[in-house]
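Below is upload-v3.txt, holding compact mmCIF, C-alpha atoms.
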# COMPACT_ATOMS: atom_id res chain seq x y z
CA MET Z 65 4.54 17.92 8.20
CA ARG Z 66 1.15 18.77 9.65
CA TYR Z 67 -1.34 15.96 9.15
CA GLN Z 68 -4.41 14.26 10.59
CA GLY Z 69 -4.76 10.48 10.65
CA PHE Z 70 -7.62 8.03 10.15
CA PHE Z 71 -7.80 4.25 9.97
CA ILE Z 72 -10.50 2.47 8.00
CA ASN Z 73 -12.16 -0.42 9.80
CA LEU Z 74 -15.30 -2.53 9.43
CA ALA Z 75 -17.58 -2.60 12.47
CA GLU Z 76 -17.27 -6.38 12.77
CA SER Z 77 -13.45 -6.40 12.46
CA VAL Z 78 -12.93 -5.98 16.18
CA SER Z 79 -9.52 -7.66 16.41
CA ARG Z 80 -8.17 -5.46 13.63
CA ARG Z 81 -9.47 -2.33 15.34
CA GLU Z 82 -7.89 -3.38 18.61
CA ASN Z 83 -4.60 -4.10 16.84
CA VAL Z 84 -4.42 -0.63 15.28
CA GLU Z 85 -5.53 1.11 18.47
CA ARG Z 86 -2.91 -0.81 20.45
CA GLN Z 87 -0.19 0.31 18.04
CA LEU Z 88 -1.38 3.92 18.17
CA ALA Z 89 -1.42 3.85 21.98
CA GLN Z 90 2.12 2.45 22.08
CA LEU Z 91 3.24 5.28 19.80
CA GLN Z 92 1.27 7.83 21.87
CA LEU Z 93 -0.78 8.72 18.81
CA GLY Z 94 -4.27 7.91 20.02
CA HIS Z 95 -5.16 11.61 19.94
CA ARG Z 96 -3.95 12.03 16.36
CA TYR Z 97 -5.70 9.16 14.57
CA ARG Z 98 -9.40 8.36 14.51
CA ARG Z 99 -11.33 5.34 13.37
CA PHE Z 100 -13.40 5.70 10.19
CA GLU Z 101 -16.05 3.03 9.74
CA ALA Z 102 -15.61 1.11 6.50
CA ILE Z 103 -18.48 0.53 4.09
CA ARG Z 104 -19.57 -3.03 3.33
CA GLY Z 105 -19.61 -3.60 -0.41
CA ASP Z 106 -22.13 -6.44 -0.16
CA ARG Z 107 -24.68 -4.01 1.31
CA ALA Z 108 -23.93 -1.06 -0.98
CA ALA Z 109 -26.45 0.26 -3.47
CA GLU Z 110 -23.60 0.51 -5.99
CA GLN Z 111 -22.98 -3.25 -6.10
CA PRO Z 112 -25.11 -3.91 -9.25
CA GLN Z 113 -23.07 -1.27 -11.10
CA THR Z 114 -19.76 -3.15 -11.05
CA THR Z 115 -18.19 -6.58 -11.38
CA LEU Z 116 -15.82 -5.88 -8.48
CA SER Z 117 -16.05 -8.18 -5.50
CA PRO Z 118 -17.91 -6.86 -2.43
CA GLY Z 119 -14.60 -6.40 -0.63
CA GLN Z 120 -13.08 -4.43 -3.51
CA LEU Z 121 -16.18 -2.27 -3.86
CA GLY Z 122 -16.25 -1.65 -0.11
CA CYS Z 123 -12.63 -0.52 -0.28
CA TRP Z 124 -13.47 1.95 -3.08
CA LEU Z 125 -16.47 3.39 -1.25
CA SER Z 126 -14.68 3.61 2.11
CA HIS Z 127 -11.74 5.62 0.78
CA LEU Z 128 -14.05 7.92 -1.21
CA ALA Z 129 -16.25 8.50 1.82
CA LEU Z 130 -13.24 9.32 3.98
CA TRP Z 131 -11.89 11.84 1.44
CA ARG Z 132 -15.27 13.55 1.38
CA ALA Z 133 -15.63 13.57 5.15
CA ALA Z 134 -12.14 15.03 5.58
CA GLY Z 135 -12.61 17.71 2.92
CA GLN Z 136 -12.43 20.56 5.44
CA THR Z 137 -9.22 19.41 7.13
CA THR Z 138 -6.53 22.03 7.63
CA GLY Z 139 -3.66 19.56 7.37
CA HIS Z 140 -2.67 16.72 5.11
CA LEU Z 141 -4.48 13.40 5.53
CA HIS Z 142 -2.78 10.15 6.56
CA ILE Z 143 -5.02 7.20 5.74
CA LEU Z 144 -4.41 3.72 7.12
CA GLU Z 145 -6.13 0.41 6.50
CA ASP Z 146 -6.52 -1.81 9.52
CA ASP Z 147 -4.00 -4.44 8.39
CA VAL Z 148 -1.07 -2.05 8.72
CA ARG Z 149 1.96 -2.34 10.98
CA LEU Z 150 3.15 1.01 12.30
CA THR Z 151 6.61 1.87 13.59
CA PRO Z 152 8.14 4.78 15.54
CA LEU Z 153 10.37 5.70 12.60
CA LEU Z 154 7.32 6.27 10.37
CA ILE Z 155 5.94 8.90 12.72
CA GLN Z 156 9.33 10.54 13.22
CA ILE Z 157 9.87 10.85 9.47
CA LEU Z 158 6.39 12.20 8.79
CA ASP Z 159 6.76 14.80 11.53
CA GLN Z 160 10.13 15.94 10.18
CA LEU Z 161 9.34 15.70 6.48
CA GLU Z 162 9.15 18.98 4.61
CA LEU Z 163 7.73 18.87 1.10
CA ASP Z 164 6.70 21.64 -1.25
CA GLU Z 165 2.92 21.33 -1.25
CA SER Z 166 2.82 22.01 -4.97
CA SER Z 167 5.06 19.03 -5.76
CA TRP Z 168 2.88 16.07 -4.72
CA ASP Z 169 -0.66 14.77 -4.38
CA LEU Z 170 -0.10 11.37 -2.74
CA LEU Z 171 2.71 10.07 -0.56
CA PHE Z 172 2.84 6.31 0.07
CA THR Z 173 4.78 4.74 2.94
CA ASP Z 174 4.59 1.25 1.40
CA VAL Z 175 3.10 -0.36 -1.72
CA TYR Z 176 2.94 -3.58 -3.69
CA PHE Z 177 5.29 -3.62 -6.64
CA HIS Z 178 2.81 -5.25 -8.97
CA PRO Z 179 3.72 -6.19 -11.60
CA PRO Z 180 7.23 -6.62 -10.12
CA PRO Z 181 9.86 -4.00 -11.02
CA THR Z 182 12.11 -4.41 -14.03
CA PRO Z 183 15.70 -5.59 -13.35
CA GLU Z 184 16.93 -2.00 -13.72
CA GLN Z 185 14.31 -0.73 -11.27
CA PHE Z 186 15.14 -3.57 -8.86
CA ILE Z 187 18.81 -2.53 -8.85
CA GLN Z 188 17.86 1.10 -8.18
CA LEU Z 189 15.66 0.03 -5.26
CA CYS Z 190 18.49 -2.06 -3.82
CA GLN Z 191 20.82 0.94 -4.09
CA ALA Z 192 18.30 3.15 -2.29
CA ARG Z 193 17.97 0.54 0.45
CA GLU Z 194 21.75 0.37 0.87
CA ALA Z 195 21.92 4.17 1.12
CA PHE Z 196 19.44 4.02 3.99
CA LEU Z 197 21.27 1.22 5.81
CA GLU Z 198 24.62 3.00 5.49
CA LYS Z 199 23.61 6.64 5.96
CA ARG Z 200 20.02 6.46 7.31
CA LYS Z 201 19.05 8.45 4.23
CA ILE Z 202 15.36 8.26 3.29
CA ALA Z 203 14.56 8.49 -0.42
CA LEU Z 204 11.39 9.87 -2.02
CA ILE Z 205 10.79 7.90 -5.20
CA ASP Z 206 8.61 9.15 -8.04
CA LEU Z 207 6.00 6.45 -8.65
CA ARG Z 208 5.13 7.48 -12.19
CA ARG Z 209 7.48 4.91 -13.76
CA LEU Z 210 6.92 2.12 -11.24
CA SER Z 211 4.00 -0.32 -11.25
CA PHE Z 212 2.41 -0.23 -7.82
CA THR Z 213 -0.79 -1.04 -6.01
CA GLY Z 214 -2.01 -0.94 -2.43
CA THR Z 215 -3.65 1.64 -0.17
CA THR Z 216 -2.51 0.40 3.24
CA SER Z 217 -0.79 3.64 4.25
CA TYR Z 218 -0.68 6.88 2.27
CA LEU Z 219 -0.94 10.62 2.73
CA VAL Z 220 -3.15 12.94 0.69
CA ASN Z 221 -2.07 16.51 0.17
CA ARG Z 222 -4.76 18.75 1.68
CA ARG Z 223 -4.79 20.74 -1.56
CA SER Z 224 -5.46 17.58 -3.59
CA LEU Z 225 -8.44 16.14 -1.72
CA ALA Z 226 -11.15 17.67 -3.89
CA ARG Z 227 -9.34 16.81 -7.13
CA LEU Z 228 -8.66 13.25 -5.96
CA GLU Z 229 -12.33 12.75 -5.19
CA SER Z 230 -13.34 14.25 -8.54
CA LEU Z 231 -10.95 12.04 -10.52
CA LEU Z 232 -12.07 8.85 -8.78
CA ALA Z 233 -15.75 9.47 -8.10
CA GLU Z 234 -17.80 6.49 -9.34
CA GLY Z 235 -14.60 4.86 -10.58
CA TRP Z 236 -15.87 1.46 -9.51
CA ARG Z 237 -18.04 1.51 -12.63
CA GLN Z 238 -14.84 0.84 -14.65
CA ASN Z 239 -14.43 -2.48 -12.76
CA GLN Z 240 -10.94 -1.59 -11.55
CA THR Z 241 -9.84 -1.69 -7.94
CA ILE Z 242 -9.15 1.71 -6.42
CA ASP Z 243 -5.39 1.21 -6.23
CA VAL Z 244 -5.19 0.21 -9.91
CA ALA Z 245 -7.20 3.32 -10.81
CA ILE Z 246 -4.81 5.48 -8.78
CA GLN Z 247 -1.82 3.88 -10.49
CA SER Z 248 -3.34 4.69 -13.91
CA LEU Z 249 -3.82 8.33 -12.95
CA VAL Z 250 -0.24 8.58 -11.69
CA ARG Z 251 1.13 6.97 -14.85
CA ARG Z 252 -0.79 9.46 -17.01
CA GLY Z 253 0.51 12.36 -14.95
CA GLU Z 254 -2.92 13.35 -13.60
CA LEU Z 255 -1.74 12.68 -10.04
CA ARG Z 256 1.75 13.05 -8.62
CA ALA Z 257 2.70 10.27 -6.22
CA ARG Z 258 5.86 9.63 -4.26
CA LEU Z 259 7.02 6.68 -2.22
CA VAL Z 260 8.95 6.95 1.04
CA PHE Z 261 11.79 4.42 0.70
CA PRO Z 262 12.60 2.10 2.29
CA PHE Z 263 9.07 1.37 3.43
CA LEU Z 264 8.19 2.89 6.79
CA SER Z 265 5.10 0.74 7.27
CA THR Z 266 4.26 -2.81 6.34
CA LEU Z 267 1.59 -5.49 6.48
CA SER Z 268 0.52 -6.79 9.88
CA PRO Z 269 -0.26 -10.47 10.53
CA GLU Z 270 -3.92 -9.43 10.27
CA HIS Z 271 -3.41 -9.07 6.52
CA GLU Z 272 -3.58 -12.85 6.15
CA LEU Z 273 -7.28 -12.52 6.95
CA SER Z 274 -7.87 -9.76 4.39
CA THR Z 275 -11.50 -9.04 3.60
CA ALA Z 276 -10.69 -7.54 0.20
CA GLY Z 277 -7.71 -9.45 -1.15
CA MET Z 278 -7.22 -12.79 -2.88
CA GLN Z 279 -4.84 -15.54 -1.81
CA GLY Z 280 -2.62 -17.86 -3.83
CA PRO Z 281 1.11 -18.55 -4.48
CA ALA Z 282 1.60 -15.38 -6.53
CA THR Z 283 -0.20 -13.23 -3.94
CA ARG Z 284 1.84 -14.71 -1.09
CA ALA Z 285 5.05 -14.10 -3.07
CA LEU Z 286 4.03 -10.48 -3.73
CA ASP Z 287 3.17 -10.00 -0.04
CA THR Z 288 6.59 -11.30 0.98
CA PHE Z 289 8.40 -9.22 -1.64
CA ARG Z 290 6.55 -6.15 -0.37
CA GLN Z 291 7.55 -6.89 3.22
CA ALA Z 292 11.18 -7.27 2.13
CA TRP Z 293 11.43 -3.51 1.49
CA PHE Z 294 10.36 -2.59 5.02
CA TYR Z 295 13.23 -0.85 6.79
CA GLU Z 296 13.24 -3.46 9.60
CA ALA Z 297 12.69 -6.48 7.34
CA ASP Z 298 14.27 -9.78 8.35
CA LEU Z 299 15.21 -10.96 4.86
CA ALA Z 300 16.44 -14.37 5.99
CA ALA Z 301 13.13 -15.06 7.75
CA LEU Z 302 11.13 -13.91 4.73
CA ARG Z 303 13.15 -16.16 2.42
CA GLN Z 304 12.65 -19.10 4.78
CA ARG Z 305 8.90 -18.45 4.94
CA LEU Z 306 8.55 -18.94 1.19
CA GLY Z 307 10.55 -22.16 1.28
CA ALA Z 308 10.45 -22.41 -2.49
CA CYS Z 309 13.44 -20.42 -3.72
CA ARG Z 310 15.77 -22.29 -6.03
CA CYS Z 311 18.72 -19.92 -6.47
CA GLN Z 312 22.40 -20.59 -5.97
CA PRO Z 313 23.71 -20.38 -2.37
CA GLU Z 314 25.65 -17.18 -3.08
CA THR Z 315 22.51 -15.36 -4.29
CA GLY Z 316 21.53 -12.55 -1.91
CA PRO Z 317 18.13 -12.80 -0.17
CA LEU Z 318 16.65 -9.78 -1.94
CA LEU Z 319 17.61 -11.09 -5.37
CA GLU Z 320 16.32 -14.52 -4.42
CA LEU Z 321 12.96 -13.07 -3.34
CA TYR Z 322 12.82 -11.02 -6.54
CA LEU Z 323 13.42 -14.05 -8.76
CA HIS Z 324 10.88 -16.05 -6.78
CA VAL Z 325 8.14 -13.44 -7.18
CA LEU Z 326 8.89 -13.24 -10.91
CA ARG Z 327 8.48 -17.01 -11.23
CA GLN Z 328 5.20 -17.01 -9.34
CA VAL Z 329 3.66 -14.06 -11.19
CA LEU Z 330 4.78 -15.26 -14.63
CA GLY Z 331 3.63 -18.78 -13.79
CA THR Z 332 0.18 -17.49 -12.91
CA VAL Z 333 -0.02 -15.48 -16.13
CA HIS Z 334 1.08 -18.52 -18.15
CA SER Z 335 -1.52 -20.75 -16.46
CA ASP Z 336 -4.29 -18.24 -17.07
CA ALA Z 337 -3.28 -17.87 -20.73
CA ASN Z 338 -3.42 -21.63 -21.29
CA ARG Z 339 -6.62 -22.30 -19.39
CA PRO Z 340 -9.33 -23.81 -21.61
CA GLY Z 341 -12.35 -21.75 -22.46
Can I see the file as structure tokens?
Amino acid sequence: MRYQGFFINLAESVSRRENVERQLAQLQLGHRYRRFEAIRGDRAAEQPQTTLSPGQLGCWLSHLALWRAAGQTTGHLHILEDDVRLTPLLIQILDQLELDESSWDLLFTDVYFHPPPTPEQFIQLCQAREAFLEKRKIALIDLRRLSFTGTTSYLVNRRSLARLESLLAEGWRQNQTIDVAIQSLVRRGELRARLVFPFLSTLSPEHELSTAGMQGPATRALDTFRQAWFYEADLAALRQRLGACRCQPETGPLLELYLHVLRQVLGTVHSDANRPG
């Protein structure tokens, strides 16, 4: 697959820039990916037009600006945020991947499953993961029926850039984050999105210092559940990190993480529903 890469990075986020550039150098990809300076939402003229946080607005504007700047590219576009962890397998797969250009608009290499998948979807994901571990077989999952968010690592079909920009231009006025807006378009069939599975990228330690996200037990559980689908994930270490799982000893780590994230997300929803006012 022919593509050009960019990573989005705020001018003041020096350590994040250095982290991405170090990874790209190790993978001998410094010539293939360029830095794209992120836009600060707290300094944007659009800020009075939305209730989004400055970080969320900055994310919107940065991705839109990059799509516009890359409009004349001759290849597909691989967009990274600066809290990504890259791996050699990701690059190998992307280089070897052959997709009918008319069959997709967006291709994600990892996402949040938020809200978490249904039990049936969870089983299907586990089966796809087992197929990879046993046969090194990568799956391409249609995201239309899965709830997902996140824009840490995704490809844009070169033929879809103009339409993507048109569909999402000024979308911040709807007070939705950009990834939620993308999910809505995919669910309605206005964009076609696929997911490379298992995940070929994941969150770096830098993500803990996210400038756009929110922290809390449910968010940490979702982060960990997301990292569990990475092809090199250490499930035992992820389970130990949470330190709050209450399943039976014979329960597998993936199922345990799944049940834990369900408890945290449902607990947050219940608390919000019963909050006075």
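Using all atoms listed in the file, the smallest distance between any of Z:Gly69, Z:Gln291, Z:Arg223, Z:Gln188 and Ser166 of chain Z comes from Z:Arg223.
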re atom CA of Pro317 of chain Z and atom CA of Arg258 of chain Z: distance 25.9 Å
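Relative to atom CA of Val325 of chain Z, atom CA of Cys190 of chain Z is found at 15.7 Å.
Our summary of the geometry notes that atom CA of Ala89 of chain Z is positioned 13.6 Å from atom CA of Phe71 of chain Z.
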Near segment 195-213 of chain Z, 12 Å: segment 99-156 of chain Z residue rows, closest pairs, all atoms listed in the file, as a Markdown table:
| residue | atom | partner | partner_atom | distance |
| --- | --- | --- | --- | --- |
| Z:Leu153 | CA | Z:Ile202 | CA | 10.9 |
| Z:Leu154 | CA | Z:Ile202 | CA | 10.9 |
| Z:Gln156 | CA | Z:Ile202 | CA | 11.8 |
Which residues, written as a ChimeraX atom specification, have at least one atom at most 9 Å from segment 125-135 of chain Z, with all atoms listed in the file counted and residues fewer than 4 positions away on the same chain left out? /Z:70,72,100-105,108,120-121,141,143,220,222,225-226,228-229,232-234,236,242
Convert the current residue selection to file output with C-alpha atoms, as a compact mmCIF listing (two decimals), keeping the file's coordinate frame.
# COMPACT_ATOMS: atom_id res chain seq x y z
CA PHE Z 70 -7.62 8.03 10.15
CA ILE Z 72 -10.50 2.47 8.00
CA PHE Z 100 -13.40 5.70 10.19
CA GLU Z 101 -16.05 3.03 9.74
CA ALA Z 102 -15.61 1.11 6.50
CA ILE Z 103 -18.48 0.53 4.09
CA ARG Z 104 -19.57 -3.03 3.33
CA GLY Z 105 -19.61 -3.60 -0.41
CA ALA Z 108 -23.93 -1.06 -0.98
CA GLN Z 120 -13.08 -4.43 -3.51
CA LEU Z 121 -16.18 -2.27 -3.86
CA LEU Z 141 -4.48 13.40 5.53
CA ILE Z 143 -5.02 7.20 5.74
CA VAL Z 220 -3.15 12.94 0.69
CA ARG Z 222 -4.76 18.75 1.68
CA LEU Z 225 -8.44 16.14 -1.72
CA ALA Z 226 -11.15 17.67 -3.89
CA LEU Z 228 -8.66 13.25 -5.96
CA GLU Z 229 -12.33 12.75 -5.19
CA LEU Z 232 -12.07 8.85 -8.78
CA ALA Z 233 -15.75 9.47 -8.10
CA GLU Z 234 -17.80 6.49 -9.34
CA TRP Z 236 -15.87 1.46 -9.51
CA ILE Z 242 -9.15 1.71 -6.42
